[in-house]
Structure formats: C-alpha cells, structure tokens
>>> print(open('data.pdb').read())   # PDB, C-alpha atoms
MODEL        1
ATOM      1  CA  MET A   1       7.984-241.253 -13.377
ATOM      2  CA  ILE A   2      10.615-242.536 -10.937
ATOM      3  CA  THR A   3      11.451-240.058  -8.152
ATOM      4  CA  ILE A   4      14.875-240.657  -6.587
ATOM      5  CA  LEU A   5      15.531-239.009  -3.234
ATOM      6  CA  ASP A   6      18.904-237.256  -3.058
ATOM      7  CA  TYR A   7      19.630-236.622   0.614
ATOM      8  CA  GLY A   8      23.392-236.356   0.238
ATOM      9  CA  GLU A   9      24.275-239.980   0.937
ATOM     10  CA  GLY A  10      25.787-240.983  -2.389
ATOM     11  CA  ASN A  11      25.286-243.453  -5.209
ATOM     12  CA  ILE A  12      22.432-241.505  -6.767
ATOM     13  CA  ARG A  13      23.735-241.373 -10.334
ATOM     14  CA  ASN A  14      24.212-245.127 -10.721
ATOM     15  CA  VAL A  15      20.613-245.671  -9.647
ATOM     16  CA  GLU A  16      19.393-242.950 -12.001
ATOM     17  CA  ARG A  17      21.298-244.463 -14.944
ATOM     18  CA  ALA A  18      19.971-247.958 -14.200
ATOM     19  CA  PHE A  19      16.347-246.790 -14.373
ATOM     20  CA  GLN A  20      17.069-244.734 -17.491
ATOM     21  CA  LYS A  21      18.592-247.829 -19.104
ATOM     22  CA  LEU A  22      15.222-249.485 -18.525
ATOM     23  CA  GLY A  23      13.488-246.645 -20.377
ATOM     24  CA  GLN A  24      12.159-244.809 -17.330
ATOM     25  CA  SER A  25      11.780-241.065 -16.849
ATOM     26  CA  VAL A  26      13.619-240.095 -13.677
ATOM     27  CA  THR A  27      13.706-237.037 -11.445
ATOM     28  CA  VAL A  28      16.298-236.613  -8.682
ATOM     29  CA  THR A  29      15.273-234.292  -5.841
ATOM     30  CA  ASN A  30      15.348-233.509  -2.138
ATOM     31  CA  GLU A  31      12.430-231.081  -2.301
ATOM     32  CA  LYS A  32       9.661-231.914   0.132
ATOM     33  CA  ASN A  33       6.796-230.975  -2.200
ATOM     34  CA  LYS A  34       8.126-233.206  -4.978
ATOM     35  CA  ILE A  35       8.587-236.127  -2.594
ATOM     36  CA  GLU A  36       5.017-235.649  -1.355
ATOM     37  CA  LYS A  37       3.703-235.781  -4.935
ATOM     38  CA  ALA A  38       5.805-238.783  -6.004
ATOM     39  CA  THR A  39       3.937-241.907  -7.064
ATOM     40  CA  THR A  40       7.080-244.070  -7.158
ATOM     41  CA  LEU A  41       9.856-243.220  -4.701
ATOM     42  CA  VAL A  42      13.372-244.679  -4.601
ATOM     43  CA  VAL A  43      15.634-244.026  -1.608
ATOM     44  CA  PRO A  44      19.204-245.199  -2.272
ATOM     45  CA  GLY A  45      22.277-244.409  -0.202
ATOM     46  CA  GLN A  46      25.697-245.334   1.067
ATOM     47  CA  GLY A  47      27.177-244.133   4.330
ATOM     48  CA  ALA A  48      26.258-243.875   7.985
ATOM     49  CA  PHE A  49      22.803-244.554   9.420
ATOM     50  CA  LYS A  50      22.999-241.625  11.855
ATOM     51  CA  GLN A  51      24.033-239.147   9.165
ATOM     52  CA  ALA A  52      21.215-240.326   6.906
ATOM     53  CA  MET A  53      18.584-239.812   9.608
ATOM     54  CA  THR A  54      20.062-236.411  10.484
ATOM     55  CA  GLN A  55      19.856-235.332   6.836
ATOM     56  CA  LEU A  56      16.281-236.532   6.433
ATOM     57  CA  LYS A  57      15.231-234.596   9.541
ATOM     58  CA  LYS A  58      17.078-231.492   8.344
ATOM     59  CA  LEU A  59      15.263-231.670   5.001
ATOM     60  CA  ASN A  60      11.875-232.316   6.692
ATOM     61  CA  LEU A  61      11.492-235.554   4.760
ATOM     62  CA  ILE A  62      10.680-238.018   7.549
ATOM     63  CA  ASP A  63       6.913-237.560   7.352
ATOM     64  CA  PRO A  64       6.743-237.438   3.528
ATOM     65  CA  ILE A  65       8.571-240.785   3.335
ATOM     66  CA  LYS A  66       6.394-242.363   6.022
ATOM     67  CA  ASN A  67       3.229-241.026   4.401
ATOM     68  CA  HIS A  68       4.301-242.308   0.976
ATOM     69  CA  ILE A  69       4.642-245.810   2.405
ATOM     70  CA  LYS A  70       1.478-245.531   4.510
ATOM     71  CA  GLU A  71      -0.476-244.523   1.411
ATOM     72  CA  LYS A  72       0.791-247.702  -0.281
ATOM     73  CA  LYS A  73       2.577-245.917  -3.085
ATOM     74  CA  LYS A  74       5.508-247.737  -4.653
ATOM     75  CA  PHE A  75       8.739-247.510  -2.660
ATOM     76  CA  LEU A  76      12.211-248.970  -3.129
ATOM     77  CA  GLY A  77      14.958-248.612  -0.525
ATOM     78  CA  ILE A  78      18.521-249.537  -1.490
ATOM     79  CA  CYS A  79      21.379-250.262   0.978
ATOM     80  CA  LEU A  80      21.207-247.347   3.443
ATOM     81  CA  GLY A  81      17.686-246.727   2.126
ATOM     82  CA  PHE A  82      16.919-250.297   3.253
ATOM     83  CA  GLN A  83      18.486-249.862   6.694
ATOM     84  CA  ILE A  84      16.687-246.670   7.694
ATOM     85  CA  LEU A  85      13.300-248.395   7.289
ATOM     86  CA  PHE A  86      14.028-250.413  10.440
ATOM     87  CA  GLU A  87      13.767-249.518  14.123
ATOM     88  CA  THR A  88      17.351-248.864  15.182
ATOM     89  CA  SER A  89      21.018-249.231  14.283
ATOM     90  CA  GLU A  90      23.932-249.518  16.694
ATOM     91  CA  GLU A  91      26.135-247.512  14.317
ATOM     92  CA  HIS A  92      27.535-244.520  16.290
ATOM     93  CA  GLY A  93      25.464-245.510  19.315
ATOM     94  CA  THR A  94      21.831-246.526  19.198
ATOM     95  CA  VAL A  95      20.136-244.469  16.491
ATOM     96  CA  GLU A  96      16.432-244.613  15.676
ATOM     97  CA  GLY A  97      15.303-245.237  12.119
ATOM     98  CA  LEU A  98      11.922-244.688  10.476
ATOM     99  CA  LYS A  99      10.420-247.664  12.347
ATOM    100  CA  ILE A 100       8.439-248.826   9.330
ATOM    101  CA  VAL A 101       9.798-252.371   9.651
ATOM    102  CA  PRO A 102      10.701-254.275  12.852
ATOM    103  CA  GLY A 103      14.379-255.088  13.298
ATOM    104  CA  HIS A 104      17.691-253.798  14.616
ATOM    105  CA  PHE A 105      21.021-253.391  12.848
ATOM    106  CA  LYS A 106      24.230-254.767  14.369
ATOM    107  CA  LYS A 107      27.867-254.452  13.312
ATOM    108  CA  ILE A 108      29.159-257.401  11.305
ATOM    109  CA  ASN A 109      31.535-259.065  13.742
ATOM    110  CA  VAL A 110      32.576-262.525  12.623
ATOM    111  CA  PRO A 111      36.155-263.881  12.924
ATOM    112  CA  ASN A 112      37.969-264.052   9.573
ATOM    113  CA  PHE A 113      35.257-262.087   7.733
ATOM    114  CA  LYS A 114      36.241-258.666   6.448
ATOM    115  CA  VAL A 115      34.227-255.556   7.264
ATOM    116  CA  PRO A 116      32.678-254.012   5.299
ATOM    117  CA  HIS A 117      31.053-256.901   3.484
ATOM    118  CA  MET A 118      31.967-255.748  -0.007
ATOM    119  CA  GLY A 119      31.544-257.490  -3.330
ATOM    120  CA  TRP A 120      29.456-260.258  -4.842
ATOM    121  CA  ASN A 121      27.539-262.683  -2.664
ATOM    122  CA  GLN A 122      24.720-265.137  -3.107
ATOM    123  CA  ILE A 123      21.099-264.506  -2.205
ATOM    124  CA  LYS A 124      18.724-267.222  -1.097
ATOM    125  CA  THR A 125      15.443-266.045  -2.544
ATOM    126  CA  ASN A 126      11.822-266.599  -1.682
ATOM    127  CA  GLN A 127      10.500-267.793  -5.000
ATOM    128  CA  GLN A 128       7.017-266.516  -4.164
ATOM    129  CA  SER A 129       8.513-263.036  -4.250
ATOM    130  CA  VAL A 130       7.606-260.810  -7.179
ATOM    131  CA  MET A 131      10.966-259.094  -6.691
ATOM    132  CA  PHE A 132      12.748-262.191  -7.985
ATOM    133  CA  ASN A 133      10.552-263.074 -10.946
ATOM    134  CA  ASN A 134      12.714-264.579 -13.721
ATOM    135  CA  ILE A 135      15.738-264.725 -11.407
ATOM    136  CA  ALA A 136      17.499-267.945 -10.387
ATOM    137  CA  PRO A 137      17.106-268.774  -6.663
ATOM    138  CA  LYS A 138      20.832-268.583  -5.812
ATOM    139  CA  SER A 139      21.957-265.614  -7.867
ATOM    140  CA  TYR A 140      24.821-263.290  -6.960
ATOM    141  CA  VAL A 141      24.391-259.582  -6.269
ATOM    142  CA  TYR A 142      26.681-256.783  -5.107
ATOM    143  CA  PHE A 143      26.958-255.680  -1.467
ATOM    144  CA  VAL A 144      28.681-252.854   0.413
ATOM    145  CA  HIS A 145      27.748-252.676   4.112
ATOM    146  CA  SER A 146      29.112-253.043   7.636
ATOM    147  CA  TYR A 147      25.842-253.521   9.524
ATOM    148  CA  TYR A 148      23.179-256.199   9.144
ATOM    149  CA  VAL A 149      19.731-257.147  10.390
ATOM    150  CA  GLU A 150      19.291-260.783  11.407
ATOM    151  CA  GLN A 151      15.533-260.934  11.415
ATOM    152  CA  THR A 152      12.274-259.136  10.802
ATOM    153  CA  LYS A 153       8.723-260.277  10.092
ATOM    154  CA  THR A 154       9.135-263.610   8.326
ATOM    155  CA  GLU A 155       6.369-262.911   5.829
ATOM    156  CA  ILE A 156       8.158-259.891   4.320
ATOM    157  CA  ILE A 157      11.603-261.474   3.886
ATOM    158  CA  SER A 158      12.241-261.960   0.176
ATOM    159  CA  SER A 159      15.908-262.983   0.417
ATOM    160  CA  THR A 160      18.631-263.838   2.908
ATOM    161  CA  THR A 161      22.404-263.995   2.541
ATOM    162  CA  HIS A 162      25.187-265.690   4.480
ATOM    163  CA  TYR A 163      28.289-263.803   5.530
ATOM    164  CA  GLY A 164      29.452-265.442   8.716
ATOM    165  CA  ASN A 165      25.864-265.134   9.904
ATOM    166  CA  GLU A 166      22.600-265.326   8.005
ATOM    167  CA  PHE A 167      21.076-261.889   7.461
ATOM    168  CA  VAL A 168      18.070-260.394   5.717
ATOM    169  CA  SER A 169      19.158-259.057   2.324
ATOM    170  CA  ALA A 170      15.777-258.014   0.883
ATOM    171  CA  ILE A 171      12.218-257.406   1.996
ATOM    172  CA  GLU A 172       8.992-257.127   0.059
ATOM    173  CA  ASP A 173       5.628-256.107   1.430
ATOM    174  CA  SER A 174       3.269-255.351  -1.422
ATOM    175  CA  HIS A 175       4.209-251.794  -2.478
ATOM    176  CA  LEU A 176       7.277-251.648  -0.191
ATOM    177  CA  TRP A 177      10.502-253.165  -1.530
ATOM    178  CA  ALA A 178      14.000-252.793  -0.100
ATOM    179  CA  THR A 179      17.391-254.424  -0.602
ATOM    180  CA  GLN A 180      20.589-254.437   1.437
ATOM    181  CA  PHE A 181      22.464-255.097  -1.807
ATOM    182  CA  HIS A 182      22.809-252.713  -4.737
ATOM    183  CA  PRO A 183      20.652-253.709  -7.747
ATOM    184  CA  GLU A 184      22.209-250.872  -9.770
ATOM    185  CA  LYS A 185      25.649-252.509  -9.326
ATOM    186  CA  SER A 186      24.462-256.087  -9.806
ATOM    187  CA  GLY A 187      24.551-256.379 -13.602
ATOM    188  CA  ASP A 188      21.726-258.113 -15.434
ATOM    189  CA  ILE A 189      20.317-259.593 -12.216
ATOM    190  CA  GLY A 190      20.017-256.137 -10.696
ATOM    191  CA  LEU A 191      18.379-254.726 -13.802
ATOM    192  CA  GLU A 192      15.856-257.568 -13.743
ATOM    193  CA  ILE A 193      15.003-256.716 -10.121
ATOM    194  CA  LEU A 194      14.509-253.057 -11.059
ATOM    195  CA  LYS A 195      12.390-254.113 -14.019
ATOM    196  CA  ASN A 196      10.235-256.215 -11.686
ATOM    197  CA  PHE A 197       9.852-253.177  -9.435
ATOM    198  CA  ILE A 198       8.748-250.997 -12.337
ATOM    199  CA  THR A 199       6.181-253.481 -13.587
ATOM    200  CA  PHE A 200       4.655-255.028 -10.450
TER     201      PHE A 200
ENDMDL
END
>>> encode(input="data.pdb", output="structure tokens")
Amino acid sequence: MITILDYGEGNIRNVERAFQKLGQSVTVTNEKNKIEKATTLVVPGQGAFKQAMTQLKKLNLIDPIKNHIKEKKKFLGICLGFQILFETSEEHGTVEGLKIVPGHFKKINVPNFKVPHMGWNQIKTNQQSVMFNNIAPKSYVYFVHSYYVEQTKTEIISSTTHYGNEFVSAIEDSHLWATQFHPEKSGDIGLEILKNFITF
C-alpha cells in the first residue's frame, strides 16, 4: 500500500494516478494515525516552503514523518516534499525544514535564466543509484521550482542538473528517496523511477 500525504500543497492526484497506473493500491490522507502506520510514505507538493512547514506543524505531522524515516521505512519526497527534508530555505525569509538532510535552499538567480525553472531538463545520474535502474544516464525529466540546493552529502546524491548553476536534483539514501523534479509528470522515465521505488 502506498500512502500519499495530502497536506494541502497540490499535485496529489497526478502522483496517485501514476502509482495506480503501476498497479499499486493507494491511500491519500493527512491523518496522523494513518501516517504513523504507513509502511511506504510519499510526500509530494508544489508551492512555498514556509507554507508547507506551517501546514505540517498544524496537522501534527512533523514527528510522524521524521519517525517514518528514522525507522527506515520507505519514503519518497517529490519537489516540495524533497525541499522540506533539508535544513533551511531562504524562501520568505530563513525557514527551517525537517533537517533530515544537510543543505540549504537558495533562490535561482542566474542572468538570462527564467524563474521558475519550469519544463524538461536533463539529469546527470549516478549509475550506482537504484533509483535510475534501466534509465539512460542523461535522461530528461520535468521540473517546476524556483529554489535549489547546491550541495549535500556527496554519498546520497543520485542526480544533478544544470540550470545556470549545478544543483542537486535527486537524493537516495537506502530507504529515503527524493527528487526535485516530478516523476509523475516525466512520462515513461518518471514511471520507471516510481517502479524502481516500488520494487527496491
């Protein structure tokens, strides 16, 4: 069973449909007790870092998410669900994240590059990564974001992307997977990534 966290930050249905297309049973919830019982948790999202953290606190979901990861149960963060795993974001001032992963988000600010970074872009993958099994090393995936993280622990970086600057576009640490891009909007490549997540 795939449990998708709905904390009011959008893009839930596309993620739900993608997993259903892969034959998975899916439940969408923001109930604390269901999140605590989840064996596989997916946290998607689009929107502002500060609003996401405010919503998670309001719903009393900070500790259940942290405990899920600490207990080494399967976790996938997508876009905003990727960002909130890190220490801070400068969006709307300095805002603290879940602090699961080291790193800080900055506004994309490169001359002649549009913000947000929206559309298809190439990922440079770590071919030792289970996330990218059966995926070509320079595939294209779909992004929508205005903030980026330049670096984190080298050993957990599974892909990087160039958009004016090089940034971390996916991480993988055993049970913990997260992507700045949207697998559910990335066609067959995205479905293959989700399939790899289901089966690892």
>>> residues_around(input="data.pdb", residues="Ser186 (chain A)", least_positions_apart="4", cutoff="6 Å", atoms="only C-alpha atoms", output="number ranges by chain")
A: 141-142, 190
>>> closest_residue(input="data.pdb", among="A:Asn11, A:Asn60, A:Gln122, A:Ser159", to="Val43 (chain A)", atoms="all atoms listed in the file")
A:Asn11
>>> closest_atom_pairs(input="data.pdb", of="region 104-193 of chain A", to="region 85-95 of chain A", cutoff="9 Å", atoms="all atoms listed in the file", output="JSON lines")
{"residue": "A:His104", "atom": "CA", "partner": "A:Thr88", "partner_atom": "CA", "distance": 5.0}
{"residue": "A:Phe105", "atom": "CA", "partner": "A:Ser89", "partner_atom": "CA", "distance": 4.4}
{"residue": "A:Lys106", "atom": "CA", "partner": "A:Glu90", "partner_atom": "CA", "distance": 5.7}
{"residue": "A:Lys107", "atom": "CA", "partner": "A:Glu90", "partner_atom": "CA", "distance": 7.2}
{"residue": "A:Tyr147", "atom": "CA", "partner": "A:Glu91", "partner_atom": "CA", "distance": 7.7}
{"residue": "A:Tyr148", "atom": "CA", "partner": "A:Ser89", "partner_atom": "CA", "distance": 8.9}
{"residue": "A:Val149", "atom": "CA", "partner": "A:Phe86", "partner_atom": "CA", "distance": 8.8}
{"residue": "A:Thr152", "atom": "CA", "partner": "A:Phe86", "partner_atom": "CA", "distance": 8.9}
{"residue": "A:Ala178", "atom": "CA", "partner": "A:Leu85", "partner_atom": "CA", "distance": 8.6}
>>> write_last_selection(input="data.pdb", atoms="C-alpha atoms", output="PDB file, keeping the file's coordinate frame")
ATOM      1  CA  HIS A 104      17.691-253.798  14.616  1.00  0.00           C
ATOM      2  CA  PHE A 105      21.021-253.391  12.848  1.00  0.00           C
ATOM      3  CA  LYS A 106      24.230-254.767  14.369  1.00  0.00           C
ATOM      4  CA  LYS A 107      27.867-254.452  13.312  1.00  0.00           C
ATOM      5  CA  TYR A 147      25.842-253.521   9.524  1.00  0.00           C
ATOM      6  CA  TYR A 148      23.179-256.199   9.144  1.00  0.00           C
ATOM      7  CA  VAL A 149      19.731-257.147  10.390  1.00  0.00           C
ATOM      8  CA  THR A 152      12.274-259.136  10.802  1.00  0.00           C
ATOM      9  CA  ALA A 178      14.000-252.793  -0.100  1.00  0.00           C
TER      10      ALA A 178
END
>>> residues_near_point(input="data.pdb", point="(6.8, -250.9, -0.6)", cutoff="9 Å", atoms="all atoms listed in the file", output="PDB file with C-alpha atoms, in the coordinates of the input")
ATOM      1  CA  ILE A  69       4.642-245.810   2.405  1.00  0.00           C
ATOM      2  CA  LYS A  72       0.791-247.702  -0.281  1.00  0.00           C
ATOM      3  CA  LYS A  73       2.577-245.917  -3.085  1.00  0.00           C
ATOM      4  CA  LYS A  74       5.508-247.737  -4.653  1.00  0.00           C
ATOM      5  CA  PHE A  75       8.739-247.510  -2.660  1.00  0.00           C
ATOM      6  CA  LEU A  76      12.211-248.970  -3.129  1.00  0.00           C
ATOM      7  CA  GLY A  77      14.958-248.612  -0.525  1.00  0.00           C
ATOM      8  CA  ILE A 171      12.218-257.406   1.996  1.00  0.00           C
ATOM      9  CA  GLU A 172       8.992-257.127   0.059  1.00  0.00           C
ATOM     10  CA  ASP A 173       5.628-256.107   1.430  1.00  0.00           C
ATOM     11  CA  SER A 174       3.269-255.351  -1.422  1.00  0.00           C
ATOM     12  CA  HIS A 175       4.209-251.794  -2.478  1.00  0.00           C
ATOM     13  CA  LEU A 176       7.277-251.648  -0.191  1.00  0.00           C
ATOM     14  CA  TRP A 177      10.502-253.165  -1.530  1.00  0.00           C
ATOM     15  CA  ALA A 178      14.000-252.793  -0.100  1.00  0.00           C
TER      16      ALA A 178
END
>>> resolve_selection(input="data.pdb", expression="the PyMOL selection byres ((chain A and resi 8-10) around 10)", output="number ranges by chain")
A: 5-7, 11-14, 30, 43-49, 51-52, 55-56, 80-81
>>> atom_distance(input="data.pdb", atom1="CA of Ala170 (chain A)", atom2="CA of Lys124 (chain A)")
9.9 Å
>>> closest_residue(input="data.pdb", among="A:Phe19, A:Phe113, A:Phe82, A:Phe143", to="Gly164 (chain A)", atoms="all atoms listed in the file")
A:Phe113
>>> resolve_selection(input="data.pdb", expression="the PyMOL selection byres ((chain A and resi 191) around 12)", output="ChimeraX atom specification")
/A:14-23,131-135,141,182-190,192-198
>>> closest_residue(input="data.pdb", among="A:His68, A:Thr154, A:Lys58, A:Met53", to="Thr39 (chain A)", atoms="all atoms listed in the file")
A:His68
>>> atom_distance(input="data.pdb", atom1="CA of Val144 (chain A)", atom2="CA of Cys79 (chain A)")
7.8 Å
>>> axis_aligned_box(input="data.pdb", around="region 9-28 of chain A", padding_each_side="5 Å", output="lines of an AutoDock Vina configuration file")
center_x = 18.8
center_y = -243.0
center_z = -9.7
size_x = 24.0
size_y = 22.9
size_z = 31.3
>>> residues_around(input="data.pdb", residues="Ala38 (chain A)", least_positions_apart="2", cutoff="12 Å", atoms="only C-alpha atoms", output="NGL selection string")
:A and (1-5 or 26-36 or 40-43 or 64-65 or 67-69 or 71-75)
>>> resolve_selection(input="data.pdb", expression="the PyMOL selection byres ((chain A and resi 150) around 6)", output="PDB file with C-alpha atoms, in the frame of the given file")
ATOM      1  CA  VAL A 149      19.731-257.147  10.390  1.00  0.00           C
ATOM      2  CA  GLN A 151      15.533-260.934  11.415  1.00  0.00           C
ATOM      3  CA  PHE A 167      21.076-261.889   7.461  1.00  0.00           C
ATOM      4  CA  VAL A 168      18.070-260.394   5.717  1.00  0.00           C
TER       5      VAL A 168
END
>>> residues_near_point(input="data.pdb", point="(10.4, -255.7, 10.9)", cutoff="6 Å", atoms="only C-alpha atoms", output="count of residues only")
5
